[in-house]
Amino acid sequence: ATLLLAATLMSHLMYGYMVFLTLGALTFIQPANLLNPKTFLEAMWRQWRRLIILFLLVVAVTSYFLVPLFLDIPYFNHSIWHDSRKYDSYGHSAVLSGLINGHLFDFNRFPSLTYLIFVGFVISLLRWREERYLIPVSIFLIWLLLYFGRSSWGPLIDLLPMSRYLHMHRFIAGVHLGGIFLIAVALATPWRWAVSRPSFWSLWCVSGALVLTLLVLLPVYSERRSYLERNALWLSETLQGLSVEEQDLSDLLEKLEQLPPGRVYAGQQIAGGRRHWSDTYNVGRIHVYDMLHAAGLDMMGKVYHSYSLNSDVLINFDERRWDHYNLYNARYVVAPEGRKFPGFVQPLQQFGRHRLYRVETTGYFDLVSSDLNFAGESADVYPAASSWLASGLPIVKQHPRVSVGGASRGNERTLPLSAAADIIPEVEAFAGPSRGTVVSEEAGNNFFAAAVRVERDSLLMLKATYHPNWRATVDGVKTETVMLMPSFVGVPLPPGDHQVKIQYRPRRLRLILLWLGLISLPLIAIVEKRGSALSSRFSRRVLVPSVRLVKRRHR
């Protein structure tokens, strides 16, 4: 049980969370003891005790993942572009309407599965004295109620652990799980009746049950078949497009790998329903930026997830401003022929209909100043960073320091991050004398290094999302890092020539917890197999002699 639950949790955190809520609810199912409160509570406590032990064992096995996850919550982005229903769900009115009209289980097809769920639900209620029939009803009802979400339950939903971070629209998976069991109950009923008939009628009854099952499931089969046929058609279109442009794409990737390191920009997904030229820049059904990302290139743009504090800000990238390209080290641009860019985006080479451009940037590093200091919560980062990005401060390389989830470092006067969107537009953008140059840089596996010549006190900024696990050394000496707007890594540098290395290293705690998890699994197996023998041996060799020794001393 520990192994399977740990695997579920590691496969998808949300489903692991839902599993434990489901198991907790199932401990209340004691139909035989309902009339005797004392017996009912004793039985329920036995199950809760086992569940708590199981939960602690799973936490021990997966702690190398869970503990850093909770420690890193201040650095997780809660995207403003997500539909609020993703976190709050849809409310009881929409959910119940979707259940009744068939959308929860049979979207855009004949609601045969929905009918089976109602039949299975009634059958299970009629047989409530048998524990197995209460299980699907409980799972279905619990998750249906939770699927209503914050829209219906309001502050009560906050009683759920981590409710602020849950994607409650995913609770539909629990509704589906309970529904699948209810469908099975409904389908099994005619089959149980058919196989229990006398042998003379058995063949006809089984045939009737088979025909009924096929008729009920036919709409599902037809809809799934059409879906897969459409998917196969899209795959065929994509494969055909890839075969036609195979040589051009291969040459493009080869060229990008030969060029000096830098990020590649080929458009991006734009939230809020806005359109972008890259929406139609495809090979078959695949976006070109997806293909380049899959090829292992360092891409600039919000593509697959929104957990980075920078991810929302990326949407405000302005293709007309050189300072934005430089900010993200978007050194290379891939676009369809005919797409117009500013003059600083210089054509480099053409590969069929794909054109490669180059932009002169300072690379992955830059020397910047920091005259402002903000502190606040991660939710305040986007308004502040978007205001900063729209201002003239990026042009003159003024990057305010930012602290999230705690007090600001240093002795600077700290301003609230929540007020940054109003403060930043009033700040004068002033560049001042040269700060120096980045002489050379290296981008390796989990590290960046640079040789820097600094002319006055500055911050060396690495254009990568800040995290406390970035460890910096300056001339071999460990140096503390800071977060710079929009959410980059900064290292303070005095005047002079310096060798700087910034490396991502997980906490030592993670390695300790990993060994704890690896050791826990075999120990669980040993205790389960030899628990009684080990307990007896421990009592005989340790507890009994200890008690005798204590008694002698008291004498």
# chains A, B, ... in the order shown; residues from 1 in each chain; ligands from 1
>>> residues_around(residues="region 465-481 of chain A", least_positions_apart="6", cutoff="8 Å", atoms="only C-alpha atoms", output="VMD selection string")
chain A and resid 75 308 to 310 487 to 492 498 to 507
>>> residues_around(residues="region 264-269 of chain A", least_positions_apart="2", cutoff="7 Å", atoms="only C-alpha atoms", output="number ranges by chain")
A: 262, 271, 278, 288-289, 298-303, 330-335
>>> atom_distance(atom1="CA of Ser386 (chain A)", atom2="CA of Phe70 (chain A)")
26.7 Å
>>> closest_atom_pairs(of="region 38-135 of chain A", to="region 139-163 of chain A", cutoff="7 Å", atoms="only C-alpha atoms", output="Markdown table")
| residue | atom | partner | partner_atom | distance |
| --- | --- | --- | --- | --- |
| A:Asp88 | CA | A:Arg150 | CA | 4.8 |
| A:Ser89 | CA | A:Gly149 | CA | 4.8 |
| A:Tyr90 | CA | A:Phe148 | CA | 6.1 |
| A:Gly91 | CA | A:Phe148 | CA | 4.4 |
| A:His92 | CA | A:Phe148 | CA | 4.7 |
| A:Val95 | CA | A:Phe148 | CA | 6.5 |
| A:Ile135 | CA | A:Ile139 | CA | 6.2 |
>>> closest_residue(among="A:Leu187, A:Leu484, A:Ala451, A:Leu493", to="Ala384 (chain A)", atoms="only C-alpha atoms")
A:Leu484
>>> residues_around(residues="Leu177 (chain A)", least_positions_apart="2", cutoff="12 Å", atoms="only C-alpha atoms", output="list in words")
Tyr15, Met18, Val19, Thr22, Leu104, Phe105, Ile117, Ile135, Pro136, Val137, Ser138, Ile139, Phe140, Leu141, Ile142, Trp143, Leu144, Arg170, Phe171, Ile172, Ala173, Gly174, Val175, Gly179, Ile180, Phe181, Leu182, Ile183 and Ala184 of chain A
>>> select_by_dssp(residues="region 364-551 of chain A", states="helix (DSSP H, G or I)", output="PyMOL selection string")
chain A and resi 378-390+417-426+508-551
>>> atom_distance(atom1="CA of Leu215 (chain A)", atom2="CA of Trp234 (chain A)")
29.6 Å
>>> residues_around(residues="Lys86 (chain A)", least_positions_apart="5", cutoff="9 Å", atoms="only C-alpha atoms", output="PyMOL selection string")
chain A and resi 166-170
